[in-house]
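Structure data (compact mmCIF, C-alpha atoms and all ligand atoms) from final.txt:
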# COMPACT_ATOMS: atom_id res chain seq x y z
CA MET A 25 170.15 -88.21 54.64
CA VAL A 26 172.34 -90.61 56.52
CA LEU A 27 173.50 -89.84 60.00
CA LYS A 28 177.26 -89.81 60.06
CA GLU A 29 179.07 -91.72 62.76
CA ARG A 30 180.82 -89.71 65.41
CA ILE A 31 184.51 -89.79 64.51
CA GLU A 32 186.72 -89.91 67.53
CA GLU A 33 189.59 -87.44 67.59
CA PRO A 34 192.69 -89.13 69.09
CA LYS A 35 194.26 -85.93 70.42
CA LEU A 36 191.05 -84.79 72.07
CA ARG A 37 190.57 -88.16 73.65
CA VAL A 38 194.01 -87.90 75.23
CA MET A 39 193.20 -84.40 76.49
CA ASN A 40 189.92 -85.69 77.88
CA ASN A 41 191.77 -88.31 79.86
CA ALA A 42 190.93 -91.02 77.36
CA ASN A 43 187.27 -91.07 78.35
CA TRP A 44 184.19 -89.49 76.92
CA ASN A 45 182.31 -87.72 79.65
CA LYS A 46 179.15 -89.48 80.84
CA PRO A 47 176.08 -89.08 78.63
CA VAL A 48 173.52 -86.66 80.07
CA TYR A 49 170.99 -86.78 77.23
CA GLN A 50 170.53 -89.55 74.74
CA ALA A 51 168.11 -89.20 71.83
CA ASP A 52 167.19 -92.27 69.86
CA LYS A 53 165.00 -91.89 66.76
CA LEU A 54 163.51 -88.74 68.26
CA ASN A 55 160.76 -87.19 66.13
CA LEU A 56 158.64 -84.13 66.81
CA TRP A 57 155.61 -82.80 64.93
CA TYR A 58 153.68 -79.56 65.30
CA GLY A 59 150.35 -80.79 63.95
CA THR A 60 151.36 -82.29 60.61
CA SER A 61 154.61 -80.33 60.35
CA HIS A 62 157.54 -82.67 61.00
CA ALA A 63 160.08 -80.49 62.85
CA LEU A 64 162.57 -83.08 64.21
CA LYS A 65 163.33 -86.21 62.22
CA ASN A 66 164.86 -89.38 63.64
CA LEU A 67 167.45 -87.64 65.78
CA ASP A 68 170.08 -89.91 67.26
CA MET A 69 172.45 -87.96 69.44
CA THR A 70 174.24 -87.93 72.76
CA ILE A 71 175.06 -84.92 74.89
CA HIS A 72 177.91 -85.47 77.28
CA GLU A 73 178.36 -84.19 80.81
CA LYS A 74 180.33 -81.00 81.40
CA GLU A 75 180.81 -80.26 77.76
CA VAL A 76 179.47 -77.39 75.70
CA THR A 77 177.41 -78.71 72.80
CA ALA A 78 176.55 -76.20 70.08
CA ILE A 79 173.56 -76.70 67.80
CA ILE A 80 173.97 -74.88 64.49
CA GLY A 81 171.94 -74.74 61.32
CA PRO A 82 169.83 -72.37 59.21
CA SER A 83 166.63 -70.75 60.38
CA GLY A 84 163.75 -73.20 60.81
CA CYS A 85 165.94 -76.34 60.93
CA GLY A 86 164.67 -77.33 64.41
CA LYS A 87 167.37 -76.05 66.76
CA SER A 88 165.01 -74.36 69.22
CA SER A 89 162.49 -77.20 69.00
CA PHE A 90 165.23 -79.63 70.00
CA LEU A 91 166.41 -77.40 72.85
CA LYS A 92 162.85 -76.99 74.14
CA THR A 93 162.33 -80.75 73.97
CA LEU A 94 165.27 -81.19 76.37
CA ASN A 95 163.29 -79.49 79.18
CA ARG A 96 159.84 -80.39 77.81
CA MET A 97 158.94 -76.76 77.17
CA VAL A 98 158.03 -77.73 73.63
CA GLU A 99 154.96 -79.52 74.97
CA LEU A 100 153.50 -76.14 75.94
CA GLN A 101 152.83 -75.59 72.22
CA ALA A 102 149.54 -76.79 70.74
CA GLU A 103 149.37 -80.08 68.84
CA VAL A 104 152.86 -81.30 69.62
CA HIS A 105 153.48 -84.97 69.07
CA ILE A 106 156.74 -86.69 69.95
CA SER A 107 157.98 -90.20 69.17
CA GLY A 108 161.21 -92.05 69.85
CA THR A 109 163.30 -92.04 73.00
CA LEU A 110 164.94 -89.24 74.91
CA THR A 111 166.70 -89.98 78.17
CA PHE A 112 168.07 -87.58 80.77
CA MET A 113 170.58 -89.19 83.13
CA GLU A 114 169.47 -92.60 81.84
CA GLU A 115 165.79 -91.97 82.63
CA THR A 116 163.25 -91.28 79.92
CA ILE A 117 162.24 -87.64 80.22
CA PHE A 118 158.61 -88.57 79.53
CA SER A 119 158.50 -90.97 82.49
CA PRO A 120 156.05 -90.25 85.35
CA SER A 121 158.96 -90.85 87.72
CA LEU A 122 160.64 -87.72 86.35
CA PRO A 123 158.01 -85.00 86.84
CA VAL A 124 158.43 -82.02 84.57
CA GLU A 125 158.87 -79.68 87.56
CA LEU A 126 161.80 -81.80 88.78
CA LEU A 127 163.30 -81.95 85.28
CA ARG A 128 163.18 -78.16 85.03
CA THR A 129 165.00 -77.69 88.35
CA LYS A 130 167.79 -79.82 86.89
CA VAL A 131 167.70 -78.17 83.48
CA GLY A 132 167.81 -74.36 83.41
CA MET A 133 167.08 -72.30 80.33
CA ILE A 134 168.50 -69.00 79.12
CA PHE A 135 166.68 -67.22 76.32
CA GLN A 136 167.78 -64.92 73.53
CA LYS A 137 166.34 -61.87 75.25
CA PRO A 138 167.24 -61.53 78.93
CA ASN A 139 164.04 -61.99 80.96
CA PRO A 140 164.66 -60.93 84.58
CA PHE A 141 161.59 -60.73 86.81
CA PRO A 142 160.37 -57.23 87.74
CA LYS A 143 161.98 -57.62 91.15
CA SER A 144 165.29 -56.66 92.76
CA ILE A 145 168.59 -58.16 91.68
CA PHE A 146 168.66 -60.15 94.94
CA GLU A 147 165.09 -61.40 94.61
CA ASN A 148 165.70 -62.58 91.06
CA VAL A 149 168.50 -64.90 92.16
CA ALA A 150 166.72 -65.95 95.37
CA PHE A 151 163.48 -66.75 93.51
CA GLY A 152 164.11 -70.43 92.75
CA LEU A 153 165.30 -71.13 96.28
CA LYS A 154 162.15 -69.64 97.77
CA ILE A 155 160.02 -71.71 95.39
CA GLN A 156 161.87 -74.74 96.72
CA GLY A 157 160.81 -73.75 100.24
CA ILE A 158 164.23 -72.60 101.42
CA ARG A 159 163.64 -69.91 104.04
CA GLN A 160 166.89 -69.51 106.01
CA LYS A 161 168.18 -65.99 105.33
CA GLU A 162 171.87 -66.93 105.64
CA VAL A 163 171.49 -69.85 103.21
CA ILE A 164 169.71 -67.65 100.68
CA GLU A 165 172.28 -64.86 101.01
CA HIS A 166 175.11 -67.33 100.57
CA VAL A 167 173.60 -68.92 97.45
CA VAL A 168 172.76 -65.53 95.92
CA GLU A 169 176.34 -64.33 96.35
CA ASP A 170 177.79 -67.61 95.12
CA SER A 171 175.54 -67.66 92.03
CA LEU A 172 176.31 -64.03 91.19
CA ARG A 173 180.03 -64.78 91.53
CA LYS A 174 179.73 -67.81 89.25
CA ALA A 175 177.87 -65.63 86.75
CA ALA A 176 180.74 -63.09 86.91
CA LEU A 177 178.33 -60.37 88.08
CA TRP A 178 178.96 -60.08 91.82
CA ASP A 179 181.53 -57.27 91.65
CA GLU A 180 179.23 -55.19 89.46
CA VAL A 181 176.12 -55.54 91.64
CA LYS A 182 177.23 -56.29 95.21
CA ASP A 183 176.51 -52.70 96.31
CA ARG A 184 173.07 -52.51 94.73
CA LEU A 185 171.44 -55.88 95.31
CA GLN A 186 168.11 -54.27 96.24
CA LYS A 187 167.95 -52.21 93.02
CA PRO A 188 165.54 -53.37 90.28
CA ALA A 189 166.97 -55.97 87.92
CA MET A 190 165.65 -53.83 85.09
CA SER A 191 168.17 -51.14 86.01
CA LEU A 192 170.99 -53.39 84.75
CA SER A 193 172.36 -53.27 81.21
CA GLY A 194 171.27 -55.97 78.74
CA GLY A 195 174.52 -57.89 79.19
CA GLN A 196 174.25 -57.68 82.99
CA GLN A 197 170.61 -58.80 82.81
CA GLN A 198 171.66 -61.86 80.80
CA ARG A 199 174.32 -62.74 83.40
CA LEU A 200 171.67 -62.18 86.11
CA CYS A 201 169.43 -64.71 84.34
CA ILE A 202 172.37 -67.13 84.31
CA ALA A 203 172.89 -66.50 88.06
CA ARG A 204 169.17 -67.11 88.65
CA ALA A 205 169.42 -70.42 86.80
CA LEU A 206 172.58 -71.44 88.68
CA ALA A 207 171.05 -70.73 92.11
CA VAL A 208 169.07 -73.98 92.04
CA SER A 209 172.17 -76.04 91.12
CA PRO A 210 171.10 -77.31 87.71
CA GLU A 211 172.85 -80.18 85.94
CA VAL A 212 172.29 -78.59 82.53
CA LEU A 213 171.91 -75.10 81.11
CA LEU A 214 170.11 -74.75 77.79
CA MET A 215 170.92 -71.51 75.99
CA ASP A 216 168.92 -70.30 73.00
CA GLU A 217 171.05 -67.71 71.19
CA PRO A 218 172.02 -66.16 74.54
CA THR A 219 174.21 -63.42 73.10
CA SER A 220 172.36 -62.43 69.96
CA ALA A 221 170.82 -59.39 71.69
CA LEU A 222 174.10 -58.33 73.31
CA ASP A 223 176.95 -56.01 72.31
CA PRO A 224 180.41 -57.50 71.58
CA ILE A 225 181.81 -56.81 75.06
CA SER A 226 178.83 -58.40 76.82
CA THR A 227 178.98 -61.28 74.33
CA HIS A 228 182.63 -61.84 75.22
CA LYS A 229 181.79 -61.88 78.95
CA VAL A 230 179.00 -64.42 78.46
CA GLU A 231 181.27 -66.59 76.29
CA GLU A 232 183.99 -66.51 78.98
CA LEU A 233 181.36 -67.41 81.52
CA ILE A 234 180.17 -70.40 79.49
CA THR A 235 183.73 -71.68 79.29
CA GLN A 236 184.06 -71.37 83.09
CA LEU A 237 180.65 -72.88 83.84
CA LYS A 238 181.24 -76.09 81.94
CA GLN A 239 183.41 -77.24 84.84
CA GLU A 240 180.15 -77.54 86.77
CA VAL A 241 177.28 -77.84 84.32
CA THR A 242 176.55 -79.33 80.94
CA ILE A 243 175.69 -76.63 78.40
CA VAL A 244 173.70 -76.92 75.19
CA ILE A 245 173.74 -73.72 73.15
CA VAL A 246 171.88 -72.81 69.99
CA THR A 247 173.77 -70.22 68.02
CA HIS A 248 173.72 -68.64 64.58
CA ASN A 249 177.24 -67.40 65.16
CA MET A 250 179.76 -69.84 63.67
CA GLN A 251 182.73 -68.14 65.36
CA GLN A 252 180.96 -68.42 68.68
CA ALA A 253 180.29 -72.13 68.20
CA SER A 254 183.92 -72.74 67.23
CA ARG A 255 185.25 -70.63 70.13
CA ILE A 256 183.24 -72.07 73.01
CA SER A 257 181.89 -75.51 72.19
CA ASP A 258 183.40 -78.96 72.56
CA GLN A 259 180.87 -80.70 70.32
CA THR A 260 178.89 -79.25 67.45
CA ALA A 261 175.76 -80.66 65.84
CA PHE A 262 174.64 -79.38 62.44
CA PHE A 263 170.88 -79.51 61.83
CA LEU A 264 169.12 -79.08 58.49
CA ASN A 265 165.38 -79.41 57.78
CA GLY A 266 164.79 -81.15 61.10
CA GLU A 267 167.56 -83.72 60.63
CA MET A 268 170.88 -83.90 62.37
CA ILE A 269 173.31 -84.06 59.48
CA GLU A 270 176.49 -84.38 61.47
CA MET A 271 177.75 -84.15 65.05
CA ASN A 272 181.34 -84.31 66.11
CA SER A 273 184.03 -82.57 68.11
CA THR A 274 183.98 -78.89 67.20
CA PRO A 275 187.44 -78.76 65.58
CA ILE A 276 186.46 -81.61 63.25
CA ILE A 277 183.14 -80.00 62.29
CA PHE A 278 184.85 -76.71 61.46
CA GLU A 279 188.07 -78.01 59.92
CA ARG A 280 187.16 -81.26 58.21
CA PRO A 281 183.46 -82.05 58.32
CA THR A 282 182.40 -85.36 56.87
CA ASP A 283 179.28 -84.15 55.08
CA SER A 284 179.47 -81.69 52.20
CA LEU A 285 176.28 -80.01 53.49
CA THR A 286 178.04 -79.18 56.76
CA ASP A 287 180.99 -77.85 54.80
CA ASP A 288 178.72 -75.70 52.64
CA TYR A 289 176.86 -74.32 55.66
CA ILE A 290 179.86 -73.44 57.79
CA ASN A 291 181.53 -71.83 54.80
CA GLY A 292 178.48 -69.65 54.15
CA ARG A 293 177.43 -71.25 50.86
CA PHE A 294 173.82 -71.38 52.12
CA GLY A 295 171.75 -70.51 55.17
N1 LIG B 301 154.60 -73.63 67.68
C1 LIG B 301 154.81 -74.04 66.44
N2 LIG B 301 153.78 -74.45 65.64
C2 LIG B 301 153.98 -74.87 64.38
N3 LIG B 301 155.21 -74.95 63.81
C3 LIG B 301 156.27 -74.57 64.55
C4 LIG B 301 156.13 -74.08 65.89
N4 LIG B 301 157.37 -73.77 66.35
C5 LIG B 301 158.23 -74.03 65.35
N5 LIG B 301 157.57 -74.50 64.26
C6 LIG B 301 158.17 -74.94 62.99
O1 LIG B 301 159.10 -75.97 63.25
C7 LIG B 301 160.26 -75.82 62.45
C8 LIG B 301 161.48 -75.69 63.35
O2 LIG B 301 161.39 -74.47 64.07
P1 LIG B 301 162.48 -74.04 65.15
O3 LIG B 301 162.02 -72.80 65.81
O4 LIG B 301 162.79 -75.19 66.02
O5 LIG B 301 163.75 -73.73 64.20
P2 LIG B 301 165.11 -72.99 64.52
O6 LIG B 301 166.17 -73.76 63.83
O7 LIG B 301 165.26 -72.79 65.98
O8 LIG B 301 164.87 -71.60 63.79
P3 LIG B 301 165.48 -70.14 64.10
O9 LIG B 301 166.96 -70.24 63.90
O10 LIG B 301 164.83 -69.26 63.08
O11 LIG B 301 165.10 -69.78 65.52
C9 LIG B 301 160.02 -74.60 61.57
O12 LIG B 301 159.52 -75.02 60.35
C10 LIG B 301 158.97 -73.82 62.35
O13 LIG B 301 158.18 -73.05 61.48
Show this structure as structure tokens.
Ligand SMILES: Nc1ncnc2c1ncn2[C@@H]1O[C@H](COP(=O)(O)OP(=O)(O)OP(=O)(O)O)[C@@H](O)[C@H]1O
Amino acid sequence: MVLKERIEEPKLRVMNNANWNKPVYQADKLNLWYGTSHALKNLDMTIHEKEVTAIIGPSGCGKSSFLKTLNRMVELQAEVHISGTLTFMEETIFSPSLPVELLRTKVGMIFQKPNPFPKSIFENVAFGLKIQGIRQKEVIEHVVEDSLRKAALWDEVKDRLQKPAMSLSGGQQQRLCIARALAVSPEVLLMDEPTSALDPISTHKVEELITQLKQEVTIVIVTHNMQQASRISDQTAFFLNGEMIEMNSTPIIFERPTDSLTDDYINGRFG
């Protein structure tokens, strides 16, 4: 399949002040194998700063593998082999000068199922700061409050910060995980189907939050929910069988995609 060129949308360019945001990630002929299974094939794509990029596509097309390559979590799997180039802020993410621990402080990850630590609400958010060696109580308290506010959770938990995180509802736990990720000031948040385990009201809150957060962080979200991708993302990439078929501004992907496979997928003709 041929990678389609990104078509620039004149109206969006005007709204974006006539400039594309700076590239954060750039993949060039990126391939990934699990053993002999070729999971990502010759991906060329750019993820821009302070935008929400949605990755869509049927089960097994490589969405999670791509997301986990962006913070090098994929290398925790056995027999992974990667070729091609992937840069983060213009530096190859496989370079010794960008240690994986440093990369992961800049790139937070939110999973499908909320995964708070078995600790208090406060300790969950403070965790990353303590790992970084920050000890001043006032600094930690300030960052915890600020992160919980940014995650739209502060008002719901401010009177019970010492209660176990597990006492929160699923939707609150997911926002707590987002607060925990925000506490270490990441550049990027990767989200792997972050609302698929949540009820519609919690989903709505997390979607609103994503729209707010993109003023500060770049967000890459994998979702099976077409409406969600069209509601919250600026760019959408459609993956199929490990290839990126098409990537463009979200309105173009959903209203007039270039590739008939994209059209078929978003209109539910397969997948
Ligand atoms: N650890 C692994 N070992 C071997 N193959 C794997 C591994 N993880 C994923 N795969 C394979 O790589 C391909 C891409 O999987 P991936 O999980 O990235 O797809 P996905 O689009 O995220 O799927 P889903 O929507 O079902 O989560 C699939 O064929 C999958 O079976």
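For ligand LIG 301 (chain B), the set of protein, DNA and RNA residues within 7 Å, based on only C-alpha atoms and all ligand atoms, reads Tyr58, Gly59, Ser61, Ala63, Gly81, Pro82, Ser83, Gly84, Cys85, Gly86, Lys87, Ser88, Ser89, Phe90, Gln101, Ala102, His248 and Gly266 of chain A.
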Up to 6 Å from (176.5, -86.1, 65.3) in the file's coordinates: name the residues, counting all atoms listed in the file, as a count of residues only.
5
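Nearest to Ala51 (chain A) of all the residues A:Leu264, A:Leu285, A:Ile71, A:Ala207 is A:Ile71, based on all atoms listed in the file.
The shortest atom-to-atom distance to Lys143 (chain A), with only C-alpha atoms taken into account, belongs to A:Met190 out of A:Lys130, A:Met97, A:Met190, A:Val104.
Distance check against Val131 (chain A) using all atoms listed in the file: of A:Ile225, A:Leu200, A:Leu206, A:Leu233, the minimum falls on A:Leu206.
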How about completing region 73-88 of chain A with N, CA and C atoms and giving it to me as a PDB file, in the coordinates of the input?
ATOM      1  N   GLU A  73     178.246 -84.994  79.589  1.00  0.00           N
ATOM      2  CA  GLU A  73     178.360 -84.190  80.810  1.00  0.00           C
ATOM      3  C   GLU A  73     179.531 -83.208  80.733  1.00  0.00           C
ATOM      4  N   LYS A  74     179.281 -82.021  81.245  1.00  0.00           N
ATOM      5  CA  LYS A  74     180.330 -81.000  81.400  1.00  0.00           C
ATOM      6  C   LYS A  74     181.072 -80.707  80.108  1.00  0.00           C
ATOM      7  N   GLU A  75     180.296 -80.735  79.038  1.00  0.00           N
ATOM      8  CA  GLU A  75     180.810 -80.260  77.760  1.00  0.00           C
ATOM      9  C   GLU A  75     179.856 -79.163  77.290  1.00  0.00           C
ATOM     10  N   VAL A  76     180.352 -78.350  76.371  1.00  0.00           N
ATOM     11  CA  VAL A  76     179.470 -77.390  75.700  1.00  0.00           C
ATOM     12  C   VAL A  76     179.146 -77.980  74.336  1.00  0.00           C
ATOM     13  N   THR A  77     177.855 -78.205  74.092  1.00  0.00           N
ATOM     14  CA  THR A  77     177.410 -78.710  72.800  1.00  0.00           C
ATOM     15  C   THR A  77     176.708 -77.586  72.060  1.00  0.00           C
ATOM     16  N   ALA A  78     177.192 -77.248  70.881  1.00  0.00           N
ATOM     17  CA  ALA A  78     176.550 -76.200  70.080  1.00  0.00           C
ATOM     18  C   ALA A  78     175.658 -76.836  69.035  1.00  0.00           C
ATOM     19  N   ILE A  79     174.464 -76.254  68.867  1.00  0.00           N
ATOM     20  CA  ILE A  79     173.560 -76.700  67.800  1.00  0.00           C
ATOM     21  C   ILE A  79     173.544 -75.573  66.766  1.00  0.00           C
ATOM     22  N   ILE A  80     173.949 -75.890  65.554  1.00  0.00           N
ATOM     23  CA  ILE A  80     173.970 -74.880  64.490  1.00  0.00           C
ATOM     24  C   ILE A  80     173.097 -75.343  63.329  1.00  0.00           C
ATOM     25  N   GLY A  81     172.743 -74.390  62.490  1.00  0.00           N
ATOM     26  CA  GLY A  81     171.940 -74.740  61.320  1.00  0.00           C
ATOM     27  C   GLY A  81     171.093 -73.538  60.917  1.00  0.00           C
ATOM     28  N   PRO A  82     170.590 -73.532  59.684  1.00  0.00           N
ATOM     29  CA  PRO A  82     169.830 -72.370  59.210  1.00  0.00           C
ATOM     30  C   PRO A  82     168.489 -72.226  59.925  1.00  0.00           C
ATOM     31  N   SER A  83     167.900 -71.060  59.757  1.00  0.00           N
ATOM     32  CA  SER A  83     166.630 -70.750  60.380  1.00  0.00           C
ATOM     33  C   SER A  83     165.572 -71.808  60.029  1.00  0.00           C
ATOM     34  N   GLY A  84     164.838 -72.254  61.045  1.00  0.00           N
ATOM     35  CA  GLY A  84     163.750 -73.200  60.810  1.00  0.00           C
ATOM     36  C   GLY A  84     164.189 -74.659  60.754  1.00  0.00           C
ATOM     37  N   CYS A  85     165.470 -74.945  61.061  1.00  0.00           N
ATOM     38  CA  CYS A  85     165.940 -76.340  60.930  1.00  0.00           C
ATOM     39  C   CYS A  85     165.599 -77.182  62.163  1.00  0.00           C
ATOM     40  N   GLY A  86     165.090 -76.542  63.237  1.00  0.00           N
ATOM     41  CA  GLY A  86     164.670 -77.330  64.410  1.00  0.00           C
ATOM     42  C   GLY A  86     165.533 -77.165  65.640  1.00  0.00           C
ATOM     43  N   LYS A  87     166.448 -76.224  65.617  1.00  0.00           N
ATOM     44  CA  LYS A  87     167.370 -76.050  66.760  1.00  0.00           C
ATOM     45  C   LYS A  87     166.605 -75.757  68.060  1.00  0.00           C
ATOM     46  N   SER A  88     165.730 -74.735  67.996  1.00  0.00           N
ATOM     47  CA  SER A  88     165.010 -74.360  69.220  1.00  0.00           C
ATOM     48  C   SER A  88     164.043 -75.456  69.638  1.00  0.00           C
TER      49      SER A  88
END
